[in-house]
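**Q** Supplied in structure tokens, the structure appears directly below.
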Amino acid sequence: MQFRVDRQTFADAVAWAARTLPARPALPVLAGMLIEVTDQGELAVAGFDYEVSARAREDADVTEPGRALVPGRLLADIVRNLPAQPVDVVTKGSEVVVRCGPAEFGLLTLPVEDYP
């Protein structure tokens, strides 16, 4: 997975999906936020807790479609504090790398096949 998106657009989508993330999840994967990108240039960010779900869709410049499950609250904190520049997101092995200007963060992925 590899894509580029406007920081404010990404921050709004992540904040919307993070609203449904449980404070104390029953399962570790429920603390995750699902990021999906398609080859049509669509970015979807989703959160789920077995009672409520939230999904935000935005346009992105997609280089490589894919999906990844990352720690949701951590991603929300990171994206909220990024500088006002385009955000590049790429998967490298079992890690999702978020780059924005001089900032770079690596998030370990959760098993996406366990996500409900």
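Labeling convention for the structure tokens: chains A, B, ... as they appear, residues from 1 per chain, ligands from 1 in order of appearance.
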Show me a table, sorted first by chain and then by increasing residue number, of the residues of segment 34-99 of chain A having an atom at most 10 Å from segment 5-23 of chain A, each with its shortest atom pair and the distance in Å to one decimal, counting only C-alpha atoms and written as a Markdown table.
**A**
```
| residue | atom | partner | partner_atom | distance |
| --- | --- | --- | --- | --- |
| A:Leu34 | CA | A:Ala17 | CA | 9.1 |
| A:Ile35 | CA | A:Val14 | CA | 9.2 |
| A:Leu43 | CA | A:Val5 | CA | 8.8 |
| A:Ala44 | CA | A:Ala13 | CA | 8.1 |
| A:Val45 | CA | A:Ala17 | CA | 6.4 |
| A:Ala46 | CA | A:Ala17 | CA | 5.2 |
| A:Gly47 | CA | A:Ala17 | CA | 5.0 |
| A:Phe48 | CA | A:Thr20 | CA | 6.2 |
| A:Asp49 | CA | A:Leu21 | CA | 6.3 |
| A:Tyr50 | CA | A:Pro22 | CA | 9.7 |
| A:Glu51 | CA | A:Thr20 | CA | 9.0 |
| A:Val52 | CA | A:Thr20 | CA | 6.3 |
| A:Ser53 | CA | A:Thr20 | CA | 6.1 |
| A:Ala54 | CA | A:Ala17 | CA | 5.0 |
| A:Arg55 | CA | A:Ala17 | CA | 5.7 |
| A:Ala56 | CA | A:Ala13 | CA | 5.2 |
| A:Arg57 | CA | A:Ala13 | CA | 7.1 |
| A:Glu58 | CA | A:Thr9 | CA | 7.3 |
| A:Asp59 | CA | A:Val5 | CA | 7.5 |
| A:Ala60 | CA | A:Val5 | CA | 4.9 |
| A:Asp61 | CA | A:Val5 | CA | 6.4 |
| A:Val62 | CA | A:Val5 | CA | 8.7 |
| A:Pro71 | CA | A:Leu21 | CA | 9.8 |
| A:Gly72 | CA | A:Ala18 | CA | 6.3 |
| A:Arg73 | CA | A:Ala18 | CA | 6.5 |
| A:Leu74 | CA | A:Ala18 | CA | 9.7 |
| A:Leu75 | CA | A:Val14 | CA | 7.6 |
| A:Ala76 | CA | A:Val14 | CA | 5.8 |
| A:Asp77 | CA | A:Ala15 | CA | 9.0 |
| A:Ile78 | CA | A:Ala11 | CA | 9.1 |
| A:Val79 | CA | A:Ala11 | CA | 5.5 |
| A:Arg80 | CA | A:Ala11 | CA | 5.8 |
| A:Asn81 | CA | A:Ala11 | CA | 9.0 |
| A:Leu82 | CA | A:Arg7 | CA | 7.4 |
| A:Pro83 | CA | A:Arg7 | CA | 7.7 |
| A:Ala84 | CA | A:Arg7 | CA | 6.1 |
| A:Gln85 | CA | A:Arg7 | CA | 6.0 |
| A:Pro86 | CA | A:Asp6 | CA | 4.6 |
| A:Val87 | CA | A:Val5 | CA | 5.4 |
| A:Asp88 | CA | A:Val5 | CA | 6.7 |
| A:Val89 | CA | A:Val5 | CA | 8.4 |
```
**Q** Give me the residues within 8 Å of Val90 of chain A as a tab-separated table (two decimals) with C-alpha atoms, in the first residue's frame, counting only C-alpha atoms and dropping any in the same chain fewer than 5 places off.
**A**
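In the end it all went to selection_13.tsv:
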```
chain	number	residue	atom	x	y	z
A	1	MET	CA	0.00	0.00	0.00
A	2	GLN	CA	1.28	3.43	-0.89
A	3	PHE	CA	-0.56	6.74	-1.20
A	96	VAL	CA	3.18	1.37	8.07
A	97	VAL	CA	5.38	4.44	7.60
A	98	VAL	CA	3.74	7.88	7.79
```
**Q** Could you tell me how far atom CA of Pro116 of chain A lies from atom CA of Gln40 of chain A, in Å and to one decimal?
**A**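 So the two atoms, atom CA of Pro116 of chain A and atom CA of Gln40 of chain A, lie 24.1 Å apart.
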**Q** One decimal, Å: what's the distance from atom CA of Val112 of chain A over to atom CA of Leu69 of chain A, could you say?
**A**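 Atom CA of Leu69 of chain A lies 5.4 Å from atom CA of Val112 of chain A.
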**Q** Would you please work out which residue, of A:Ala103, A:Val37, A:Ala31, A:Leu110, is nearest to Glu64 of chain A when using only C-alpha atoms?
**A**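 Distance minimum relative to Glu64 of chain A lands on A:Val37.
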**Q** Taking the chain letters and numbering used in this document, name the residues of chain A that DSSP puts in strand (DSSP E), as a PyMOL selection string.
**A** chain A and resi 2-5+32-37+42-48+53-59+61-64+66-71+87-92+95-100+103-108
**Q** How far is it from atom CA of Gly41 of chain A to atom CA of Leu108 of chain A, in Å with one decimal?
**A**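 One can read the atom CA of Gly41 of chain A to atom CA of Leu108 of chain A distance as 24.1 Å.
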**Q** My list of candidates is A:Arg67, A:Cys100, A:Thr91, A:Arg4. Which is closest to Glu113 of chain A when distances are computed with only C-alpha atoms?
**A** A:Arg67
**Q** Pick out each residue of chain A that DSSP on the backbone tags as helix (DSSP H, G or I); I need them as a list of chain:residue names.
**A**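 Selecting the helix (DSSP H, G or I) positions of chain A gives A:Arg7, A:Gln8, A:Thr9, A:Phe10, A:Ala11, A:Asp12, A:Ala13, A:Val14, A:Ala15, A:Trp16, A:Ala17, A:Ala18, A:Pro28, A:Val29, A:Leu30, A:Ala31, A:Gly72, A:Arg73, A:Leu74, A:Leu75, A:Ala76, A:Asp77, A:Ile78, A:Val79, A:Arg80, A:Val112, A:Glu113, A:Asp114.
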**Q** Counting only C-alpha atoms, which of A:Thr63, A:Gly93, A:Val70, A:Arg24 gets nearest to Thr109 of chain A?
**A**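 With only C-alpha atoms as the atom set, the closest residue is A:Val70.
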**Q** From the options A:Pro65, A:Pro102, A:Ala26, A:Leu107, which residue's atoms come nearest to Thr38 of chain A, counting only C-alpha atoms?
**A**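 Of the candidates, the smallest distance to Thr38 of chain A is held by A:Pro65.
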**Q** Go through A:Met33, A:Ala68, A:Pro25, A:Glu42 one by one, measure the shortest atom-to-atom distance of each to Pro111 of chain A using only C-alpha atoms, and give the residue with the smallest value.
**A**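 Ranking A:Met33, A:Ala68, A:Pro25, A:Glu42 by distance to Pro111 of chain A, first place goes to A:Ala68.
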